[in-house]
$ cat input.pdb   # PDB, C-alpha atoms and all ligand atoms
ATOM      1  CA  MET H   1       5.753 -30.825  12.429  1.00  0.00           C
ATOM      2  CA  GLU H   2       7.169 -29.278  15.590  1.00  0.00           C
ATOM      3  CA  ASP H   3       7.872 -25.926  13.941  1.00  0.00           C
ATOM      4  CA  SER H   4       4.525 -25.660  12.197  1.00  0.00           C
ATOM      5  CA  GLU H   5       3.596 -22.688  14.316  1.00  0.00           C
ATOM      6  CA  PHE H   6       6.451 -20.646  12.893  1.00  0.00           C
ATOM      7  CA  SER H   7       6.863 -21.776   9.335  1.00  0.00           C
ATOM      8  CA  MET H   8       4.012 -21.881   6.918  1.00  0.00           C
ATOM      9  CA  ASN H   9       3.471 -24.774   4.604  1.00  0.00           C
ATOM     10  CA  GLN H  10       3.531 -24.439   0.842  1.00  0.00           C
ATOM     11  CA  VAL H  11      -0.237 -24.364   0.535  1.00  0.00           C
ATOM     12  CA  GLU H  12      -0.445 -21.413   2.921  1.00  0.00           C
ATOM     13  CA  LEU H  13       2.416 -19.594   1.212  1.00  0.00           C
ATOM     14  CA  GLN H  14       0.742 -20.049  -2.142  1.00  0.00           C
ATOM     15  CA  HIS H  15      -2.482 -18.710  -0.672  1.00  0.00           C
ATOM     16  CA  PHE H  16      -0.790 -15.525   0.523  1.00  0.00           C
ATOM     17  CA  LYS H  17       1.158 -15.206  -2.699  1.00  0.00           C
ATOM     18  CA  GLN H  18      -2.138 -15.193  -4.594  1.00  0.00           C
ATOM     19  CA  LEU H  19      -3.584 -12.697  -2.143  1.00  0.00           C
ATOM     20  CA  ILE H  20      -0.631 -10.323  -2.515  1.00  0.00           C
ATOM     21  CA  MET H  21      -0.527 -10.659  -6.306  1.00  0.00           C
ATOM     22  CA  ALA H  22      -4.239  -9.815  -6.447  1.00  0.00           C
ATOM     23  CA  LYS H  23      -3.656  -6.744  -4.295  1.00  0.00           C
ATOM     24  CA  LYS H  24      -0.774  -5.654  -6.506  1.00  0.00           C
ATOM     25  CA  VAL H  25      -3.018  -5.784  -9.540  1.00  0.00           C
ATOM     26  CA  GLN H  26      -5.707  -3.858  -7.675  1.00  0.00           C
ATOM     27  CA  VAL H  27      -3.324  -1.108  -6.511  1.00  0.00           C
ATOM     28  CA  SER H  28      -1.759  -0.815  -9.971  1.00  0.00           C
ATOM     29  CA  GLN H  29      -5.184  -0.360 -11.482  1.00  0.00           C
ATOM     30  CA  ASP H  30      -6.073   2.240  -8.865  1.00  0.00           C
ATOM     31  CA  MET H  31      -2.929   4.170  -9.664  1.00  0.00           C
ATOM     32  CA  GLU H  32      -3.561   4.012 -13.406  1.00  0.00           C
ATOM     33  CA  GLU H  33      -7.072   5.265 -12.862  1.00  0.00           C
ATOM     34  CA  PHE H  34      -5.754   8.030 -10.610  1.00  0.00           C
ATOM     35  CA  GLN H  35      -3.189   9.093 -13.208  1.00  0.00           C
ATOM     36  CA  ARG H  36      -5.801   9.036 -15.945  1.00  0.00           C
ATOM     37  CA  VAL H  37      -8.131  11.255 -13.905  1.00  0.00           C
ATOM     38  CA  SER H  38      -5.452  13.758 -12.877  1.00  0.00           C
ATOM     39  CA  ARG H  39      -4.233  14.013 -16.472  1.00  0.00           C
ATOM     40  CA  SER H  40      -7.698  14.786 -17.766  1.00  0.00           C
ATOM     41  CA  GLU H  41      -8.166  17.385 -15.014  1.00  0.00           C
ATOM     42  CA  GLU H  42      -4.992  19.142 -16.088  1.00  0.00           C
ATOM     43  CA  ALA H  43      -6.056  19.095 -19.707  1.00  0.00           C
ATOM     44  CA  GLN H  44      -9.384  20.614 -18.767  1.00  0.00           C
ATOM     45  CA  GLU H  45      -7.707  23.304 -16.728  1.00  0.00           C
ATOM     46  CA  SER H  46      -5.279  24.425 -19.422  1.00  0.00           C
ATOM     47  CA  SER H  47      -8.075  24.715 -21.979  1.00  0.00           C
ATOM     48  CA  GLU H  48      -9.944  27.139 -19.734  1.00  0.00           C
ATOM     49  CA  ASP H  49      -9.986  30.814 -20.571  1.00  0.00           C
ATOM     50  CA  ARG H  50      -7.093  32.397 -18.691  1.00  0.00           C
ATOM     51  CA  SER H  51      -8.985  35.578 -17.812  1.00  0.00           C
ATOM     52  CA  ALA H  52     -11.908  33.599 -16.475  1.00  0.00           C
ATOM     53  CA  TYR H  53      -9.483  31.519 -14.491  1.00  0.00           C
ATOM     54  CA  SER H  54      -7.877  34.548 -12.816  1.00  0.00           C
ATOM     55  CA  LEU H  55     -11.301  35.561 -11.500  1.00  0.00           C
ATOM     56  CA  HIS H  56     -11.240  32.424  -9.449  1.00  0.00           C
ATOM     57  CA  MET H  57      -7.973  33.102  -7.711  1.00  0.00           C
ATOM     58  CA  ALA H  58      -9.638  32.331  -4.392  1.00  0.00           C
ATOM     59  CA  ASP H  59     -10.210  28.759  -5.515  1.00  0.00           C
ATOM     60  CA  ARG H  60      -6.601  28.204  -6.368  1.00  0.00           C
ATOM     61  CA  GLY H  61      -5.665  27.502  -2.773  1.00  0.00           C
ATOM     62  CA  THR H  62      -8.066  24.611  -2.586  1.00  0.00           C
ATOM     63  CA  ASP H  63      -6.835  23.370  -5.965  1.00  0.00           C
ATOM     64  CA  ALA H  64      -3.319  23.260  -4.586  1.00  0.00           C
ATOM     65  CA  MET H  65      -4.520  21.441  -1.520  1.00  0.00           C
ATOM     66  CA  GLU H  66      -6.436  18.996  -3.663  1.00  0.00           C
ATOM     67  CA  ARG H  67      -3.339  18.386  -5.735  1.00  0.00           C
ATOM     68  CA  GLU H  68      -1.236  17.824  -2.657  1.00  0.00           C
ATOM     69  CA  LYS H  69      -3.782  15.359  -1.334  1.00  0.00           C
ATOM     70  CA  ASN H  70      -3.651  13.510  -4.641  1.00  0.00           C
ATOM     71  CA  MET H  71       0.133  13.448  -4.510  1.00  0.00           C
ATOM     72  CA  LEU H  72       0.005  11.951  -1.024  1.00  0.00           C
ATOM     73  CA  PHE H  73      -2.470   9.380  -2.235  1.00  0.00           C
ATOM     74  CA  ALA H  74      -0.203   8.392  -5.119  1.00  0.00           C
ATOM     75  CA  GLN H  75       2.759   8.258  -2.751  1.00  0.00           C
ATOM     76  CA  ARG H  76       0.898   6.046  -0.305  1.00  0.00           C
ATOM     77  CA  GLU H  77      -0.219   3.687  -3.035  1.00  0.00           C
ATOM     78  CA  GLY H  78       3.365   3.578  -4.286  1.00  0.00           C
ATOM     79  CA  ASP H  79       4.613   2.726  -0.814  1.00  0.00           C
ATOM     80  CA  TYR H  80       1.984   0.018  -0.520  1.00  0.00           C
ATOM     81  CA  LEU H  81       3.152  -1.496  -3.809  1.00  0.00           C
ATOM     82  CA  ASP H  82       6.675  -1.602  -2.342  1.00  0.00           C
ATOM     83  CA  TYR H  83       5.381  -3.363   0.774  1.00  0.00           C
ATOM     84  CA  LEU H  84       3.562  -5.892  -1.373  1.00  0.00           C
ATOM     85  CA  GLU H  85       6.710  -6.444  -3.433  1.00  0.00           C
ATOM     86  CA  GLU H  86       8.722  -6.973  -0.231  1.00  0.00           C
ATOM     87  CA  ALA H  87       6.131  -9.424   1.033  1.00  0.00           C
ATOM     88  CA  LEU H  88       6.498 -11.438  -2.174  1.00  0.00           C
ATOM     89  CA  GLN H  89      10.260 -11.451  -1.688  1.00  0.00           C
ATOM     90  CA  ARG H  90       9.787 -12.738   1.858  1.00  0.00           C
ATOM     91  CA  ILE H  91       7.634 -15.547   0.513  1.00  0.00           C
ATOM     92  CA  GLU H  92      10.427 -16.489  -1.911  1.00  0.00           C
ATOM     93  CA  ALA H  93      13.031 -16.219   0.862  1.00  0.00           C
ATOM     94  CA  GLY H  94      10.941 -18.338   3.240  1.00  0.00           C
ATOM     95  CA  THR H  95      10.763 -15.617   5.895  1.00  0.00           C
ATOM     96  CA  TYR H  96       7.161 -14.630   5.241  1.00  0.00           C
ATOM     97  CA  GLY H  97       4.934 -14.645   8.293  1.00  0.00           C
ATOM     98  CA  VAL H  98       7.873 -14.309  10.708  1.00  0.00           C
ATOM     99  CA  CYS H  99       7.892 -11.259  12.965  1.00  0.00           C
ATOM    100  CA  ARG H 100      10.960  -9.122  12.264  1.00  0.00           C
ATOM    101  CA  THR H 101      11.246  -8.149  15.926  1.00  0.00           C
ATOM    102  CA  CYS H 102      10.649 -11.274  18.015  1.00  0.00           C
ATOM    103  CA  LYS H 103      11.058 -13.831  15.176  1.00  0.00           C
ATOM    104  CA  GLY H 104       7.816 -15.432  16.263  1.00  0.00           C
ATOM    105  CA  ALA H 105       4.854 -16.192  14.029  1.00  0.00           C
ATOM    106  CA  ILE H 106       2.850 -13.181  12.899  1.00  0.00           C
ATOM    107  CA  GLY H 107      -0.193 -15.378  12.768  1.00  0.00           C
ATOM    108  CA  ARG H 108      -2.374 -16.386   9.910  1.00  0.00           C
ATOM    109  CA  ALA H 109      -5.387 -14.283  10.909  1.00  0.00           C
ATOM    110  CA  ARG H 110      -3.312 -11.102  11.024  1.00  0.00           C
ATOM    111  CA  LEU H 111      -1.656 -11.851   7.678  1.00  0.00           C
ATOM    112  CA  GLU H 112      -5.052 -12.518   6.207  1.00  0.00           C
ATOM    113  CA  ALA H 113      -6.089  -8.990   7.239  1.00  0.00           C
ATOM    114  CA  VAL H 114      -2.706  -7.357   6.590  1.00  0.00           C
ATOM    115  CA  PRO H 115      -0.711  -9.469   4.104  1.00  0.00           C
ATOM    116  CA  THR H 116       2.175  -6.975   4.208  1.00  0.00           C
ATOM    117  CA  ALA H 117       2.614  -7.245   7.988  1.00  0.00           C
ATOM    118  CA  THR H 118       6.218  -7.627   9.129  1.00  0.00           C
ATOM    119  CA  GLN H 119       5.484  -7.751  12.852  1.00  0.00           C
ATOM    120  CA  CYS H 120       3.208  -9.757  15.087  1.00  0.00           C
ATOM    121  CA  ILE H 121       0.434  -7.784  16.743  1.00  0.00           C
ATOM    122  CA  ASP H 122       2.226  -7.677  20.118  1.00  0.00           C
ATOM    123  CA  CYS H 123       5.456  -6.185  18.742  1.00  0.00           C
ATOM    124  CA  LYS H 124       3.454  -3.847  16.585  1.00  0.00           C
ATOM    125  CA  LYS H 125       1.619  -2.542  19.648  1.00  0.00           C
ATOM    126  CA  LYS H 126       4.802  -2.210  21.674  1.00  0.00           C
ATOM    127  CA  GLU H 127       6.602  -0.260  18.991  1.00  0.00           C
ATOM    128  CA  GLY H 128       3.573   1.848  18.111  1.00  0.00           C
ATOM    129  CA  ASP H 129       4.974   2.401  14.648  1.00  0.00           C
ATOM    130  CA  SER H 130       2.173   3.258  12.269  1.00  0.00           C
ATOM    131  CA  SER H 131       4.328   3.974   9.245  1.00  0.00           C
ATOM    132  CA  GLN H 132       4.782   0.297   8.502  1.00  0.00           C
ATOM    133  CA  PRO H 133       1.990  -2.246   8.463  1.00  0.00           C
TER     134      PRO H 133
HETATM  135 ZN    ZN F 201       6.804 -10.078  17.344  1.00  0.00          ZN
END
$ encode --input "input.pdb" --output "structure tokens"
Amino acid sequence: MEDSEFSMNQVELQHFKQLIMAKKVQVSQDMEEFQRVSRSEEAQESSEDRSAYSLHMADRGTDAMEREKNMLFAQREGDYLDYLEEALQRIEAGTYGVCRTCKGAIGRARLEAVPTATQCIDCKKKEGDSSQP
């Protein structure tokens, strides 16, 4: 077991697979809920009296901002789903838990907190890249 620090055993991989699958379900549900809510908001809006609506022109800016925020939220959740999907692929490929920069172990504690992590905490800090987990 000399390489145990770098490669995870099957039990650990299964553990993280379960963790990631559970998160995928959670994010999918969040997105469905989000889509359901934004659809019902649109329906409500279009049923409003047009003349009454035009009186509230001042509010339209905030509506647009709200919508943009929602779009960003949906985008972020979508990105996260991609990361989760990639993490599952790494589990299948046997490269899960290996830092993509230094090829060292990401570490179980970090993966537990961030199952989509592709870098160990040291490389992450050095690169200072916040776009990827
Ligand atoms: Zn590293």
$ residues_near_ligand --input "input.pdb" --ligand "ligand ZN 201 (chain F)" --cutoff "6 Å" --atoms "all atoms listed in the file" --output "VMD selection string"
chain H and resid 99 101 to 102 104 119 to 120 122 to 123
$ residues_around --input "input.pdb" --residues "Glu112 (chain H)" --least-positions-apart "2" --cutoff "12 Å" --atoms "only C-alpha atoms" --output "ChimeraX atom specification"
/H:12-13,15-20,97,106-110,114-117
$ resolve_selection --input "input.pdb" --expression "the PyMOL selection byres (((chain H and resi 85) around 12) and not hetatm)" --output "PyMOL selection string"
chain H and resi 17+20-25+27+78-84+86-92+96+115-116
$ closest_residue --input "input.pdb" --among "H:Ala64, H:Ala43, H:Ala74, H:Val11" --to "Asp30 (chain H)" --atoms "all atoms listed in the file"
H:Ala74
$ atom_distance --input "input.pdb" --atom1 "CA of Glu68 (chain H)" --atom2 "CA of Ser38 (chain H)"
11.8 Å
$ resolve_selection --input "input.pdb" --expression "the PyMOL selection byres (((chain H and resi 67) around 12) and not hetatm)" --output "count of residues only"
21
$ closest_residue --input "input.pdb" --among "H:Arg100, H:Gln14, H:Ala105, H:Gln44" --to "Thr118 (chain H)" --atoms "only C-alpha atoms"
H:Arg100
